[in-house]
Amino acid sequence: MKASADFYGKKPGFRRDPEVFPTGVGFLTYPVPFVLIQAPPGVDLDSIPRLITTPAVWFKTADSQVVHDAILRRMEPR
C-alpha cells in the first residue's frame, strides 16, 4: 500500500486526501475519486482474473496536451 501511494503521489503528482482511511489512501482527483485500498485478509489478488489492468484517470483540463507532457516529465528517471 505504501509503495503504491508513494508512486501516485510522486510520479503523476497526485495530491493526497488529508482524510485518514484505515485501510486505504485517497487522492484529491476530480470528477472521479482515486483511492487505493488494502485487499481484505485472505484475498489472493493473483487468483482474480483481470479484465482491466490499468487505472482510468480523468483529468479535467482546457489543454490535455499540457497535462500529458507534465506527467511524462515527472515520470522521467531523475
# chains A, B, ... in the order shown; residues from 1 in each chain; ligands from 1

$ select_by_dssp --residues "chain A" --states "helix (DSSP H, G or I)" --output "MDAnalysis selection string"
chainID A and resid 2:10 45:47 64:75

$ atom_distance --atom1 "CA of Pro12 (chain A)" --atom2 "CA of Ala62 (chain A)"
18.2 Å

$ closest_residue --among "A:Ile48, A:Ala39, A:Val32, A:Met75" --to "Gly9 (chain A)" --atoms "only C-alpha atoms"
A:Met75

$ residues_around --residues "Arg74 (chain A)" --least-positions-apart "6" --cutoff "8 Å" --atoms "only C-alpha atoms" --output "VMD selection string"
chain A and resid 10 to 13

$ closest_residue --among "A:Val66, A:Lys60, A:Arg16, A:Met1" --to "Tyr30 (chain A)" --atoms "only C-alpha atoms"
A:Lys60

$ select_by_dssp --residues "chain A" --states "strand (DSSP E)" --output "PyMOL selection string"
chain A and resi 24-27+34-37

$ closest_residue --among "A:Phe14, A:Phe21, A:Phe27, A:Phe34" --to "Ile71 (chain A)" --atoms "only C-alpha atoms"
A:Phe14
